[in-house]
Structure formats: structure tokens, C-alpha cells
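The structure file final_1.txt is reproduced below (compact mmCIF, C-alpha atoms).
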```
# COMPACT_ATOMS: atom_id res chain seq x y z
CA ILE A 1475 0.00 0.00 0.00
CA PRO A 1476 1.72 3.21 -1.06
CA LEU A 1477 0.13 5.23 1.74
CA ILE A 1478 2.38 3.58 4.31
CA TYR A 1479 5.41 4.35 2.20
CA ILE A 1480 4.38 7.98 1.85
CA ASN A 1481 3.97 8.22 5.61
CA ILE A 1482 7.41 6.85 6.33
CA ILE A 1483 9.05 8.99 3.67
CA LEU A 1484 7.36 11.94 5.30
CA THR A 1485 8.88 11.04 8.68
CA PHE A 1486 12.25 10.81 6.99
CA THR A 1487 11.99 14.24 5.38
CA ILE A 1488 10.64 15.93 8.47
CA SER A 1489 13.36 14.54 10.71
CA LEU A 1490 15.95 15.49 8.10
CA LEU A 1491 14.68 19.04 8.20
CA LYS A 1492 14.76 18.92 11.97
CA ILE A 1493 18.43 18.02 11.85
CA LEU A 1494 19.28 20.82 9.46
CA ILE A 1495 17.30 23.46 11.33
CA TYR A 1496 18.29 22.66 14.87
CA HIS A 1497 16.70 24.29 17.86
CA SER A 1498 19.19 24.64 20.68
CA HIS A 1499 20.30 21.27 21.95
CA LEU A 1500 22.57 18.84 20.32
CA ILE A 1501 20.71 15.81 21.61
CA SER A 1502 17.75 16.71 19.44
CA SER A 1503 19.79 16.47 16.24
CA LEU A 1504 21.07 13.10 17.35
CA LEU A 1505 17.53 11.98 18.09
CA TYR A 1506 16.36 12.95 14.63
CA LEU A 1507 19.32 11.16 13.12
CA LYS A 1508 18.15 8.05 14.89
CA LYS A 1509 14.65 8.65 13.61
CA ILE A 1510 15.88 8.97 10.04
CA ILE A 1511 17.63 5.70 10.18
CA LEU A 1512 14.69 4.02 11.88
CA SER A 1513 12.41 5.14 9.07
CA LEU A 1514 14.86 3.79 6.54
CA PHE A 1515 14.92 0.53 8.42
CA ILE A 1516 11.14 0.27 8.31
CA ILE A 1517 11.12 0.94 4.58
CA THR A 1518 13.67 -1.77 3.97
CA THR A 1519 11.83 -4.31 6.07
CA LEU A 1520 8.58 -3.58 4.25
CA THR A 1521 10.15 -3.92 0.83
CA THR A 1522 11.96 -7.11 1.71
CA LEU A 1523 8.89 -8.70 3.26
CA ASN A 1524 6.58 -7.75 0.42
CA THR A 1525 8.91 -8.96 -2.30
CA HIS A 1526 9.57 -12.39 -0.92
CA SER A 1527 13.22 -12.42 -1.88
CA LEU A 1528 15.44 -14.10 0.63
CA LEU A 1529 18.63 -12.32 -0.33
CA THR A 1530 17.53 -8.85 0.70
CA ASN A 1531 16.56 -9.96 4.18
CA ILE A 1532 20.07 -9.26 5.39
CA ILE A 1533 19.80 -5.55 4.67
CA PRO A 1534 17.67 -4.40 7.66
CA ILE A 1535 19.74 -6.41 10.11
CA THR A 1536 23.00 -4.93 8.91
CA ILE A 1537 21.52 -1.45 9.06
CA LEU A 1538 20.60 -2.06 12.68
CA ILE A 1539 24.08 -3.26 13.50
CA PHE A 1540 25.75 -0.20 12.09
CA THR A 1541 23.28 2.13 13.70
CA THR A 1542 24.00 0.71 17.13
CA TYR A 1543 27.68 1.25 16.51
CA LYS A 1544 27.01 4.82 15.49
CA THR A 1545 24.75 5.67 18.37
CA THR A 1546 27.34 4.55 20.87
CA ILE A 1547 29.85 6.91 19.37
CA ASN A 1548 27.16 9.64 19.32
CA LEU A 1549 26.68 9.35 23.00
CA THR A 1550 30.35 9.19 23.87
CA LEU A 1551 30.95 12.40 21.96
CA LEU A 1552 28.01 13.99 23.71
CA ILE A 1553 29.44 13.03 27.07
CA SER A 1554 32.84 14.44 26.19
CA ILE A 1555 31.28 17.70 25.07
CA SER A 1556 29.22 17.99 28.21
CA ASN A 1557 32.41 17.45 30.18
CA THR A 1558 33.89 20.60 28.76
CA TYR A 1559 30.78 22.70 29.01
CA ASN A 1560 27.98 22.49 31.50
CA LEU A 1561 25.25 22.62 28.91
CA ASN A 1562 24.37 21.02 25.67
CA TYR A 1563 23.71 24.00 23.46
CA ILE A 1564 24.81 24.19 19.88
CA HIS A 1565 25.96 27.77 20.28
CA ASN A 1566 28.80 26.41 22.35
CA LEU A 1567 30.36 24.81 19.29
CA ASN A 1568 32.00 28.01 18.14
CA LEU A 1569 35.57 27.42 19.25
CA LEU A 1570 36.81 26.62 15.81
CA GLN A 1571 35.85 29.81 14.07
CA TYR A 1572 39.20 31.42 14.66
CA MET B 1334 43.64 2.90 11.11
CA LEU B 1335 43.28 -0.64 9.91
CA SER B 1336 39.55 -0.22 9.97
CA LEU B 1337 39.98 2.83 7.77
CA ALA B 1338 41.68 0.73 5.16
CA LEU B 1339 39.00 -1.90 5.60
CA GLY B 1340 36.23 0.61 5.17
CA THR B 1341 37.69 2.09 2.02
CA MET B 1342 38.25 -1.36 0.58
CA ILE B 1343 34.65 -2.28 1.30
CA THR B 1344 33.27 0.74 -0.48
CA ILE B 1345 35.61 0.47 -3.42
CA THR B 1346 34.84 -3.15 -4.09
CA SER B 1347 31.10 -2.82 -3.68
CA ASN B 1348 28.37 -3.28 -6.23
CA HIS B 1349 25.53 -3.18 -3.76
CA TRP B 1350 24.42 -0.03 -2.08
CA VAL B 1351 24.40 -1.42 1.42
CA THR B 1352 28.01 -2.50 1.29
CA ALA B 1353 29.02 0.96 0.11
CA TRP B 1354 27.06 2.54 2.92
CA ALA B 1355 28.56 0.12 5.44
CA GLY B 1356 32.09 0.92 4.31
CA LEU B 1357 31.44 4.64 4.61
CA GLU B 1358 30.05 4.21 8.10
CA ILE B 1359 33.09 2.19 9.11
CA ASN B 1360 35.28 4.98 7.80
CA THR B 1361 33.52 7.68 9.79
CA LEU B 1362 33.53 5.55 12.92
CA ALA B 1363 37.22 4.84 12.58
CA ILE B 1364 38.22 8.44 12.00
CA ILE B 1365 36.27 9.99 14.86
CA PRO B 1366 38.52 8.67 17.64
CA LEU B 1367 41.49 9.71 15.53
CA ILE B 1368 40.16 13.26 15.37
CA SER B 1369 39.40 13.43 19.07
CA LYS B 1370 42.57 11.73 20.23
CA SER B 1371 43.97 14.80 21.93
CA HIS B 1372 41.39 15.54 24.55
CA HIS B 1373 41.19 19.15 23.62
CA PRO B 1374 37.73 20.70 23.39
CA ARG B 1375 38.47 21.95 19.90
CA ALA B 1376 39.25 18.47 18.73
CA ILE B 1377 36.12 17.05 20.28
CA GLU B 1378 34.04 19.77 18.73
CA ALA B 1379 35.60 19.03 15.36
CA ALA B 1380 34.77 15.38 15.86
CA THR B 1381 31.13 16.12 16.61
CA LYS B 1382 30.75 18.40 13.62
CA TYR B 1383 32.34 15.85 11.38
CA PHE B 1384 30.20 13.09 12.79
CA LEU B 1385 26.93 14.98 12.40
CA THR B 1386 27.52 15.94 8.82
CA GLN B 1387 28.79 12.56 7.74
CA ALA B 1388 25.97 10.73 9.46
CA THR B 1389 23.32 12.79 7.71
CA ALA B 1390 25.08 12.33 4.41
CA SER B 1391 25.24 8.56 4.77
CA ALA B 1392 21.59 8.44 5.81
CA LEU B 1393 20.69 10.46 2.73
CA MET B 1394 22.66 8.07 0.60
CA LEU B 1395 20.85 5.11 2.06
CA PHE B 1396 17.54 6.83 1.42
CA SER B 1397 18.42 7.50 -2.21
CA SER B 1398 19.42 3.88 -2.70
CA MET B 1399 16.18 2.82 -1.08
CA THR B 1400 13.99 4.94 -3.32
CA ASN B 1401 15.90 3.61 -6.26
CA ALA B 1402 15.35 0.06 -5.01
CA TRP B 1403 11.67 0.72 -4.53
CA SER B 1404 11.19 2.07 -8.02
CA SER B 1405 13.43 -0.30 -9.91
CA GLY B 1406 13.67 -3.30 -7.64
CA GLN B 1407 17.42 -3.77 -7.52
CA TRP B 1408 20.29 -2.55 -5.42
CA ASP B 1409 23.03 -2.26 -7.98
CA ILE B 1410 25.20 0.84 -7.77
CA THR B 1411 25.67 1.37 -11.48
CA GLN B 1412 21.97 1.18 -12.27
CA LEU B 1413 20.55 4.40 -10.87
CA THR B 1414 17.36 4.83 -12.84
CA ASN B 1415 15.29 7.01 -10.52
CA PRO B 1416 16.07 10.73 -11.13
CA PRO B 1417 15.20 12.05 -7.63
CA SER B 1418 17.38 9.37 -6.10
CA CYS B 1419 20.21 10.54 -8.35
CA LEU B 1420 19.73 14.08 -7.06
CA LEU B 1421 19.71 12.92 -3.47
CA LEU B 1422 22.82 10.89 -4.07
CA THR B 1423 24.71 13.83 -5.50
CA ALA B 1424 23.66 15.94 -2.55
CA ALA B 1425 24.73 13.25 -0.08
CA ILE B 1426 28.13 12.79 -1.68
CA ALA B 1427 28.58 16.55 -1.88
CA ILE B 1428 28.02 16.73 1.86
CA LYS B 1429 30.50 13.93 2.39
CA LEU B 1430 33.17 15.45 0.20
CA GLY B 1431 32.73 19.04 1.20
CA LEU B 1432 31.51 20.63 -2.01
CA THR B 1433 29.59 23.85 -1.81
CA PRO B 1434 26.96 24.54 -0.60
CA PHE B 1435 27.81 21.91 1.99
CA HIS B 1436 31.37 22.89 2.72
CA PHE B 1437 30.88 24.57 6.05
CA TRP B 1438 32.11 21.75 8.22
CA PHE B 1439 35.34 21.18 6.41
CA PRO B 1440 37.71 24.03 7.46
CA GLU B 1441 36.63 23.84 11.06
CA VAL B 1442 37.08 20.11 11.25
CA LEU B 1443 40.51 20.32 9.68
CA GLN B 1444 41.41 23.10 12.06
CA GLY B 1445 40.43 21.09 15.09
CA SER B 1446 42.35 17.97 14.22
CA SER B 1447 46.06 17.35 14.32
CA LEU B 1448 48.04 17.55 11.12
CA THR B 1449 48.28 13.85 10.35
CA THR B 1450 44.58 13.24 10.93
CA ALA B 1451 43.83 16.29 8.82
CA LEU B 1452 45.89 14.67 6.10
CA LEU B 1453 43.87 11.50 6.43
CA LEU B 1454 40.64 13.44 6.41
CA SER B 1455 41.41 15.36 3.29
CA THR B 1456 42.90 12.63 1.17
CA ALA B 1457 41.89 9.20 2.32
CA MET B 1458 38.35 10.05 3.35
CA LYS B 1459 37.67 11.61 0.02
CA PHE B 1460 38.46 8.46 -1.80
CA PRO B 1461 35.35 6.29 -1.22
CA PRO B 1462 32.78 8.97 -2.08
CA THR B 1463 34.69 9.76 -5.25
CA THR B 1464 34.64 6.11 -6.18
CA ILE B 1465 30.89 6.08 -5.71
CA LEU B 1466 30.64 9.15 -7.90
CA LEU B 1467 32.75 7.45 -10.50
CA LEU B 1468 30.59 4.35 -10.44
CA THR B 1469 27.42 6.35 -10.92
CA SER B 1470 28.82 9.08 -13.12
CA HIS B 1471 26.80 8.16 -16.18
CA SER B 1472 23.51 8.78 -14.46
CA LEU B 1473 24.23 11.94 -12.48
CA ASN B 1474 22.91 15.37 -13.20
CA PRO B 1475 25.61 17.39 -15.01
CA THR B 1476 24.14 20.83 -14.41
CA LEU B 1477 23.92 20.38 -10.67
CA LEU B 1478 27.41 18.97 -10.48
CA SER B 1479 28.96 21.69 -12.59
CA THR B 1480 27.24 24.48 -10.65
CA MET B 1481 28.40 22.99 -7.38
CA ALA B 1482 31.88 22.60 -8.75
CA ILE B 1483 32.13 26.18 -9.98
CA MET B 1484 30.80 27.49 -6.69
CA SER B 1485 33.24 25.38 -4.74
CA ILE B 1486 36.19 26.61 -6.78
CA ALA B 1487 35.02 30.17 -6.23
CA LEU B 1488 34.46 29.68 -2.51
CA GLY B 1489 37.71 27.84 -2.04
CA GLY B 1490 39.53 30.74 -3.60
CA TRP B 1491 37.66 33.52 -1.86
CA MET B 1492 37.49 32.22 1.65
CA GLY B 1493 41.09 31.15 1.61
CA LEU B 1494 42.23 34.73 1.16
CA ASN B 1495 41.76 35.86 4.72
CA GLN B 1496 43.18 32.89 6.55
CA THR B 1497 46.26 32.70 8.69
CA GLN B 1498 45.97 29.15 9.91
CA THR B 1499 47.59 26.76 7.53
CA ARG B 1500 45.11 23.97 8.06
CA LYS B 1501 42.22 26.16 7.07
CA ILE B 1502 44.13 27.29 4.02
CA LEU B 1503 44.65 23.70 3.04
CA ALA B 1504 40.97 23.02 3.68
CA PHE B 1505 39.97 25.68 1.21
CA SER B 1506 42.52 24.47 -1.28
CA SER B 1507 41.07 21.00 -1.04
CA ILE B 1508 37.56 22.40 -1.56
CA SER B 1509 38.68 24.07 -4.77
CA HIS B 1510 40.47 20.93 -5.93
CA LEU B 1511 37.31 18.96 -5.31
CA GLY B 1512 35.54 21.44 -7.51
CA TRP B 1513 38.03 20.76 -10.26
CA MET B 1514 37.48 17.06 -9.81
CA THR B 1515 33.73 17.11 -9.96
CA ILE B 1516 33.41 19.37 -12.93
CA ILE B 1517 34.71 16.74 -15.28
CA ILE B 1518 33.16 13.68 -13.78
CA THR B 1519 30.22 13.36 -16.13
CA TYR B 1520 32.36 13.81 -19.22
CA ASN B 1521 35.56 11.94 -18.53
CA PRO B 1522 35.70 10.17 -15.16
CA LYS B 1523 39.29 9.07 -15.62
CA LEU B 1524 40.38 12.67 -15.33
CA THR B 1525 38.77 12.91 -11.91
CA LEU B 1526 40.82 9.94 -10.83
CA LEU B 1527 43.94 11.57 -12.18
CA THR B 1528 43.27 14.84 -10.39
CA PHE B 1529 42.48 12.98 -7.21
CA TYR B 1530 45.71 11.02 -7.25
CA LEU B 1531 47.86 14.03 -8.01
CA TYR B 1532 46.02 16.18 -5.50
CA SER B 1533 46.41 13.55 -2.79
CA LEU B 1534 50.12 13.25 -3.52
CA MET B 1535 50.65 16.98 -3.29
CA THR B 1536 48.62 17.43 -0.16
CA THR B 1537 50.32 14.54 1.59
CA SER B 1538 53.68 16.12 0.89
CA ILE B 1539 52.53 19.47 2.18
CA PHE B 1540 50.94 18.05 5.28
CA LEU B 1541 53.92 15.91 6.12
CA SER B 1542 56.35 18.77 5.65
CA MET B 1543 54.16 20.96 7.81
CA ASN B 1544 53.96 18.18 10.34
CA SER B 1545 57.71 17.94 10.59
CA THR B 1546 58.12 21.63 11.21
CA ASN B 1547 54.81 21.89 13.11
CA THR B 1548 53.67 25.03 11.36
CA LEU B 1549 50.11 25.83 12.23
CA LYS B 1550 50.15 29.53 11.50
CA LEU B 1551 51.68 31.73 8.90
CA SER B 1552 54.02 33.25 11.44
CA THR B 1553 55.62 29.92 12.20
CA LEU B 1554 56.09 29.31 8.50
CA MET B 1555 58.43 32.26 8.41
CA THR B 1556 60.85 30.71 10.88
CA SER B 1557 60.71 27.23 9.46
CA TRP B 1558 63.76 27.75 7.29
CA THR B 1559 65.96 27.32 10.33
CA LYS B 1560 64.81 23.83 11.02
CA ALA B 1561 65.26 22.14 7.69
CA PRO B 1562 66.22 24.35 4.77
CA MET B 1563 65.81 21.69 2.11
CA LEU B 1564 62.29 21.01 3.26
CA ASN B 1565 61.40 24.62 2.86
CA THR B 1566 62.39 24.79 -0.76
CA THR B 1567 60.50 21.64 -1.58
CA LEU B 1568 57.50 23.02 0.29
CA MET B 1569 57.55 26.03 -1.95
CA LEU B 1570 57.62 23.88 -5.05
CA THR B 1571 54.73 21.74 -3.88
CA LEU B 1572 52.65 24.75 -3.00
CA LEU B 1573 53.14 26.18 -6.44
CA SER B 1574 52.29 22.85 -7.97
CA LEU B 1575 49.08 22.77 -5.94
CA ALA B 1576 48.30 26.13 -7.41
CA GLY B 1577 48.76 24.69 -10.86
CA LEU B 1578 51.71 26.46 -12.33
CA PRO B 1579 52.86 25.03 -15.66
CA PRO B 1580 56.21 23.37 -15.22
CA LEU B 1581 55.04 21.51 -12.14
CA THR B 1582 52.81 18.48 -12.06
CA GLY B 1583 49.83 20.29 -10.62
CA PHE B 1584 49.22 21.91 -13.94
CA LEU B 1585 48.58 18.65 -15.72
CA PRO B 1586 45.06 17.91 -14.42
CA LYS B 1587 43.95 21.48 -14.95
CA TRP B 1588 45.17 21.43 -18.52
CA LEU B 1589 43.46 18.16 -19.31
CA ILE B 1590 40.23 19.26 -17.66
CA ILE B 1591 40.16 22.48 -19.63
CA GLN B 1592 40.80 20.49 -22.78
CA GLU B 1593 37.92 18.13 -22.04
CA LEU B 1594 35.60 21.00 -21.25
CA THR B 1595 36.37 22.72 -24.51
CA LYS B 1596 35.68 19.47 -26.30
CA GLN B 1597 32.25 19.49 -24.71
CA GLU B 1598 31.62 23.07 -25.87
CA MET B 1599 31.77 24.44 -22.34
CA THR B 1600 34.36 27.11 -22.95
CA THR B 1601 32.70 29.69 -20.70
CA THR B 1602 32.91 27.35 -17.72
CA ALA B 1603 36.52 26.62 -18.56
CA THR B 1604 37.40 30.31 -18.54
CA ILE B 1605 35.45 30.89 -15.33
CA ILE B 1606 37.27 28.04 -13.61
CA SER B 1607 40.69 29.21 -14.69
CA MET B 1608 39.92 32.74 -13.53
CA LEU B 1609 38.76 31.51 -10.17
CA SER B 1610 41.86 29.42 -9.66
CA LEU B 1611 43.78 32.67 -9.77
CA LEU B 1612 42.24 33.48 -6.41
CA GLY B 1613 43.77 30.34 -5.02
CA LEU B 1614 47.03 31.24 -6.61
CA PHE B 1615 47.15 34.35 -4.47
CA PHE B 1616 47.20 32.60 -1.16
CA TYR B 1617 49.52 29.88 -2.41
CA LEU B 1618 51.90 32.61 -3.41
CA ARG B 1619 51.49 34.19 -0.02
CA LEU B 1620 52.40 30.90 1.62
CA THR B 1621 55.49 30.53 -0.50
CA TYR B 1622 56.39 34.15 0.14
CA CYS B 1623 56.15 33.62 3.86
CA SER B 1624 58.01 30.37 3.86
CA THR B 1625 60.95 30.78 1.57
CA ILE B 1626 61.28 34.10 -0.15
CA THR B 1627 61.40 36.35 2.89
CA LEU B 1628 63.57 36.18 5.96
CA PRO B 1629 62.28 37.03 9.41
CA PRO B 1630 63.40 40.31 10.94
CA ASN B 1631 65.21 38.76 13.86
CA SER B 1632 67.84 36.17 13.22
CA SER B 1633 67.30 32.84 14.87
CA ASN B 1634 69.85 30.12 15.21
CA LYS B 1635 69.35 26.66 13.84
CA MET B 1636 67.13 24.82 16.23
CA LYS B 1637 67.43 21.10 16.23
CA GLN B 1638 63.99 19.72 16.65
CA TRP B 1639 61.78 17.16 14.99
CA SER B 1640 64.48 15.05 13.50
CA ILE B 1641 61.92 12.36 12.80
CA LYS B 1642 59.78 11.58 9.77
CA LYS B 1643 61.23 14.19 7.57
CA PRO B 1644 63.35 12.88 4.73
CA VAL B 1645 60.43 10.93 3.34
CA ASN B 1646 59.27 14.05 1.82
CA THR B 1647 61.91 15.64 -0.26
CA LEU B 1648 61.16 13.10 -2.97
CA THR B 1649 57.41 13.35 -3.33
CA PRO B 1650 57.26 17.02 -4.28
CA THR B 1651 59.70 16.56 -7.09
CA LEU B 1652 57.27 14.28 -8.88
```

Could you show the structure in this file as C-alpha cells?
Amino acid sequence: IPLIYINIILTFTISLLKILIYHSHLISSLLYLKKIILSLFIITTLTTLNTHSLLTNIIPITILIFTTYKTTINLTLLISISNTYNLNYIHNLNLLQY
Amino acid sequence: MLSLALGTMITITSNHWVTAWAGLEINTLAIIPLISKSHHPRAIEAATKYFLTQATASALMLFSSMTNAWSSGQWDITQLTNPPSCLLLTAAIAIKLGLTPFHFWFPEVLQGSSLTTALLLSTAMKFPPTTILLLTSHSLNPTLLSTMAIMSIALGGWMGLNQTQTRKILAFSSISHLGWMTIIITYNPKLTLLTFYLYSLMTTSIFLSMNSTNTLKLSTLMTSWTKAPMLNTTLMLTLLSLAGLPPLTGFLPKWLIIQELTKQEMTTTATIISMLSLLGLFFYLRLTYCSTITLPPNSSNKMKQWSIKKPVNTLTPTL
């Protein structure tokens, strides 16, 4: 049913826009990154389950593996940033302008 | 570092989109601890900026491959039939490489990382996305690519004019070189490979020579002649070859690209590109001026430092 696809593509685009136009915290951009990849994961699982091809079943699992890897590094970087500052704001990332 | 090599190998030898994406992710994951190795807040900030941009770019790439798979039913890299997925792919790879209008992360990330990791970032990390571009070059949108390339050459020249930090200067030079590479990719992809190889050679020599004398600012370049005089002269030659002056090897890709563009009846773009590379020439000349042609006002004795990893590099610039 294409309506489901349209819905998930909409979540993808909206979360992409949310990353590009960030509010104030850095965690929010990371959250929307996660949401992007989750939507992609759902699309892949739907396509692989509808077309009953056994070869493409690996794709969603591998995506999940790499996303877990990425999110761990996300959070470690977040922790290291919050060690230097007390807050999580994006305006604090201006050390490298000069 | 091994995982970097692994990641690049995975993307280069891939014919399925997911393997390419996986290799790129492995690359970003491997480089981030390298960037943030010195626990300096600038380095960590550079790592986060790099990570954010690259993660969005790889997600975009996955999305483009997915739309392509949905519309055409196969995951082959060379068979991009869906036009919006082609557009998304070019945008994603432009973010990954640092083309305009997505170049904003690149100078800051290079500035925040140490010289050797900056070298890795600007040469080795550019290699897998360029291979993906090469694999899909027959189905990409030439107008978008050429506009991005011209803008990146312009921006690389203009924004490099006001810089005093050498890493940022090299960042802008790499942006302009990427512009040169992408402008020819739809017409003759072998030339992009050629420019990439020569560009990576030249930038490795520059980075390594700067690493041995530890010059991070223009002012330290002026006193670098005391440490290793031979290195300074070769640095000057490599800088001029990066600029693209005729008797040096950096001129070769520019010449061939201009020739290919005129064959494709794009003479106006060729003239615009060559004019804009003059902007880059200015700050290359300023670097050479600071490093070799002038002497500092106060005399300094020969300081014996950094007697490691230097003589590698007097050979590579003479290529």
C-alpha cells in the first residue's frame, strides 16, 4: 500500500529538516538522526517482506548493526562535550571559528 | 587505522548499495577517535561536527538507494534509474566530500584535528565517495554537479584569502580541488581519478612537511627555514604545484580538464574556472612568500627539533 510508504518517507523528510534546522540542543539532532535511520529501516523491512526475496533480508539487520555502533559513538561524543561545558547547546560549538 | 583501510576497501569493491554505505560508516567511525585523540575541546568539537555531517550524508545516501530500489527493484550501484534518487545521491556525496553549498564543516574540522589526521581526512576520506561518484557518473545530473563545482572553486579561492591558519588554508585548497574534480566527472571520469591522485600526492607532501616543522600559523612558517632548509624549498615547489603552475605536475590535471571541457563546448565554464583558480594562486603565493622568499626580521639560530619523519618528503614534491 503506497500510503504507508508515503507516511514513512514523510517522517524521513521531516526529521531530516529537523536536523538541518536545529533548535538549541545537540541531543535533538542526534535523536532525529536516529529517527531517520529508523524510518529507513522500516522501509527496507517492508520492501523485503513484500517482495519475498530471501537475499535482501540481510539488509535491515546490517543497518541495525551499524546504527547501534554509530549511536554509541554519538553518545560518547556527547558526554565528552558535556564534560567541557555544563550545557548542551549548539551555540557552544564556536571554538573553531578562529 | 586498519579499519579505515578496511572501510575504504569495502566501499571500493562494492556493487551493492548497502556495502558501500557500510564501508562509509566504518570509515567515519574509525576516523572519529582519531580526530578526538587529543582531549582538547576543539578536537572534540571538530569530531562532533564531522560526525553529524557525515551521518546525515550517509543516511541520505541510504535513502536514495532505497527509493531507487523501490522504483526499480534492484540494489546495484551502477543502475541508478530514478532521477530524484540521483539528485539525493549527489547531494549526499557533496556533503561527504565538502563541495559547496555543503562545505561549512570542512575548514573547522581540519582546524580542530592534528596535522596527520587532517591529512587522512582530506585525502583518504575523500576516496570512497569519489569512487561512488565514478561508479554512478553516467547517471548523475551534469548541471547540478557543474554548478556545485564552480561554486566550490570560487568559494575555495575567496574564503582562503583571509586565513592565517595553515590547516584552514589547506581546507579551502582541497575544496577548490574537489571542484576541479567534480566538474569533469560526467564527461571523462578518468580525469577525476587523475586529479584525485595528483592532489592527494601533493597534499600529503605538504601536510607531512608541515607536520615535521609543526607550522600551524603563517608566522611559524616564516621561521621554518631554520629547522630544515631543504624542506622549505621543496615546500615552496609543492605549493606552487598545488596552485597549478605550468612546469610543475599540478598543472597537468587542470590542462586536461580544460581540454575536455572545450571538447564538450563548455568554454565559458573553462574560462570561469581558470579565472577563479587565480584566487587560489594568491594565497599559495602568499604561503610561498612567507616560507621561503622572505627572511624574518630577527635572526634565529638553527634549532634542532623534529628530527623524525622528515626525509620521506623531499622526494614526493619533485614528482

At most 10 Å to chain A: residues in chain B, all atoms listed in the file, as a short mmCIF file (atom, residue, chain, number, x, y, z; two decimals) with C-alpha atoms, in the frame of the given file:
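This went into out12.cif:
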```
data_model
loop_
_atom_site.label_atom_id
_atom_site.label_comp_id
_atom_site.auth_asym_id
_atom_site.auth_seq_id
_atom_site.Cartn_x
_atom_site.Cartn_y
_atom_site.Cartn_z
CA TRP B 1350 24.42 -0.03 -2.08
CA VAL B 1351 24.40 -1.42 1.42
CA THR B 1352 28.01 -2.50 1.29
CA TRP B 1354 27.06 2.54 2.92
CA ALA B 1355 28.56 0.12 5.44
CA GLU B 1358 30.05 4.21 8.10
CA ILE B 1359 33.09 2.19 9.11
CA THR B 1361 33.52 7.68 9.79
CA LEU B 1362 33.53 5.55 12.92
CA ILE B 1365 36.27 9.99 14.86
CA PRO B 1366 38.52 8.67 17.64
CA SER B 1369 39.40 13.43 19.07
CA HIS B 1372 41.39 15.54 24.55
CA HIS B 1373 41.19 19.15 23.62
CA PRO B 1374 37.73 20.70 23.39
CA ARG B 1375 38.47 21.95 19.90
CA ALA B 1376 39.25 18.47 18.73
CA ILE B 1377 36.12 17.05 20.28
CA GLU B 1378 34.04 19.77 18.73
CA ALA B 1379 35.60 19.03 15.36
CA ALA B 1380 34.77 15.38 15.86
CA THR B 1381 31.13 16.12 16.61
CA LYS B 1382 30.75 18.40 13.62
CA PHE B 1384 30.20 13.09 12.79
CA LEU B 1385 26.93 14.98 12.40
CA THR B 1386 27.52 15.94 8.82
CA ALA B 1388 25.97 10.73 9.46
CA THR B 1389 23.32 12.79 7.71
CA SER B 1391 25.24 8.56 4.77
CA ALA B 1392 21.59 8.44 5.81
CA LEU B 1393 20.69 10.46 2.73
CA LEU B 1395 20.85 5.11 2.06
CA PHE B 1396 17.54 6.83 1.42
CA MET B 1399 16.18 2.82 -1.08
CA THR B 1400 13.99 4.94 -3.32
CA ALA B 1402 15.35 0.06 -5.01
CA TRP B 1403 11.67 0.72 -4.53
CA GLY B 1406 13.67 -3.30 -7.64
CA GLN B 1407 17.42 -3.77 -7.52
CA TRP B 1408 20.29 -2.55 -5.42
CA PRO B 1440 37.71 24.03 7.46
CA GLU B 1441 36.63 23.84 11.06
CA VAL B 1442 37.08 20.11 11.25
CA LEU B 1443 40.51 20.32 9.68
CA GLN B 1444 41.41 23.10 12.06
CA GLY B 1445 40.43 21.09 15.09
CA GLN B 1496 43.18 32.89 6.55
CA THR B 1497 46.26 32.70 8.69
CA GLN B 1498 45.97 29.15 9.91
CA LYS B 1501 42.22 26.16 7.07
#
```

Take atom CA of Leu1611 of chain B and atom CA of His1510 of chain B and report the distance between them in Å, one decimal. 12.8 Å

Within 9 Å of (33.7, 15.7, 3.9), in the coordinates the file gives, what residues turn up when you count only C-alpha atoms, written out as a ChimeraX atom specification? /B:1383,1386-1387,1426-1432,1435-1436,1438-1439,1454-1455,1458-1459

Between B:Cys1623, B:Leu1549, B:Ala1363, B:Leu1466, single out the one closest to Leu1572 of chain B, counting all atoms listed in the file.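 Looking at the shortest contact to Leu1572 of chain B, the residue is B:Cys1623.
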
Just how far from atom CA of Ile1465 of chain B is atom CA of Ser1538 of chain B, in Å to one decimal?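 Between these atoms lies a distance of 25.8 Å.
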
Which neighbours of segment 1409-1413 of chain B fall inside 7 Å, counting only C-alpha atoms, when residues of the same chain fewer than 5 positions from it are skipped, and could you give them as a PyMOL selection string? chain B and resi 1348-1350+1401+1419+1468-1469+1472

Tell me, in Å to one decimal, how far atom CA of His1471 of chain B is from atom CA of Leu1422 of chain B. 13.0 Å

Using all atoms listed in the file, which residues sit within 7 Å of Thr1515 of chain B once same-chain residues fewer than 6 positions away are excluded, as a list in words? Leu1478, Ala1482 and Thr1525 of chain B

Can you pull out the residues contacting segment 1612-1618 of chain B? Cut-off 9 Å, using all atoms listed in the file, and skip same-chain residues under 4 positions away; I want them as number ranges by chain. B: 1486-1487, 1489-1491, 1493-1496, 1502, 1505-1506, 1509, 1569, 1572-1573, 1575-1578, 1608, 1622-1623

May I have the centre and edge lengths, in Å to one decimal, of an axis-aligned box around the listed atoms of segment 1511-1514 of chain A with 8 Å added to every side, as lines of an AutoDock Vina configuration file?
```
center_x = 15.0
center_y = 4.7
center_z = 9.2
size_x = 21.2
size_y = 17.9
size_z = 21.3
```

Which is closer to Ala1457 of chain B than all the others in B:Ile1539, B:Leu1581, B:Leu1534, B:Ile1606, using all atoms listed in the file?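 Selected residue with least distance to Ala1457 of chain B: B:Leu1534.
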
Incomplete segment 1495-1502 of chain A brought to N, CA, C and O atoms, written out as an mmCIF file, in the coordinates of the input:
```cif
data_model
loop_
_atom_site.group_PDB
_atom_site.id
_atom_site.type_symbol
_atom_site.label_atom_id
_atom_site.label_comp_id
_atom_site.auth_asym_id
_atom_site.auth_seq_id
_atom_site.Cartn_x
_atom_site.Cartn_y
_atom_site.Cartn_z
ATOM 1 N N ILE A 1495 17.723 22.232 10.677
ATOM 2 C CA ILE A 1495 17.300 23.460 11.330
ATOM 3 C C ILE A 1495 17.180 23.137 12.802
ATOM 4 O O ILE A 1495 16.107 22.892 13.322
ATOM 5 N N TYR A 1496 18.331 23.127 13.493
ATOM 6 C CA TYR A 1496 18.290 22.660 14.870
ATOM 7 C C TYR A 1496 17.830 23.767 15.806
ATOM 8 O O TYR A 1496 17.955 24.944 15.518
ATOM 9 N N HIS A 1497 17.286 23.327 16.932
ATOM 10 C CA HIS A 1497 16.700 24.290 17.860
ATOM 11 C C HIS A 1497 17.765 24.853 18.781
ATOM 12 O O HIS A 1497 18.279 25.926 18.573
ATOM 13 N N SER A 1498 18.124 24.147 19.822
ATOM 14 C CA SER A 1498 19.190 24.640 20.680
ATOM 15 C C SER A 1498 20.071 23.519 21.208
ATOM 16 O O SER A 1498 21.239 23.731 21.454
ATOM 17 N N HIS A 1499 19.519 22.352 21.360
ATOM 18 C CA HIS A 1499 20.300 21.270 21.950
ATOM 19 C C HIS A 1499 20.890 20.404 20.879
ATOM 20 O O HIS A 1499 20.391 20.319 19.777
ATOM 21 N N LEU A 1500 21.932 19.738 21.264
ATOM 22 C CA LEU A 1500 22.570 18.840 20.320
ATOM 23 C C LEU A 1500 21.909 17.470 20.337
ATOM 24 O O LEU A 1500 21.944 16.731 19.372
ATOM 25 N N ILE A 1501 21.325 17.133 21.480
ATOM 26 C CA ILE A 1501 20.710 15.810 21.610
ATOM 27 C C ILE A 1501 19.583 15.657 20.603
ATOM 28 O O ILE A 1501 19.331 14.575 20.077
ATOM 29 N N SER A 1502 18.894 16.791 20.338
ATOM 30 C CA SER A 1502 17.750 16.710 19.440
ATOM 31 C C SER A 1502 18.178 16.303 18.038
ATOM 32 O O SER A 1502 17.517 15.491 17.386
#
```
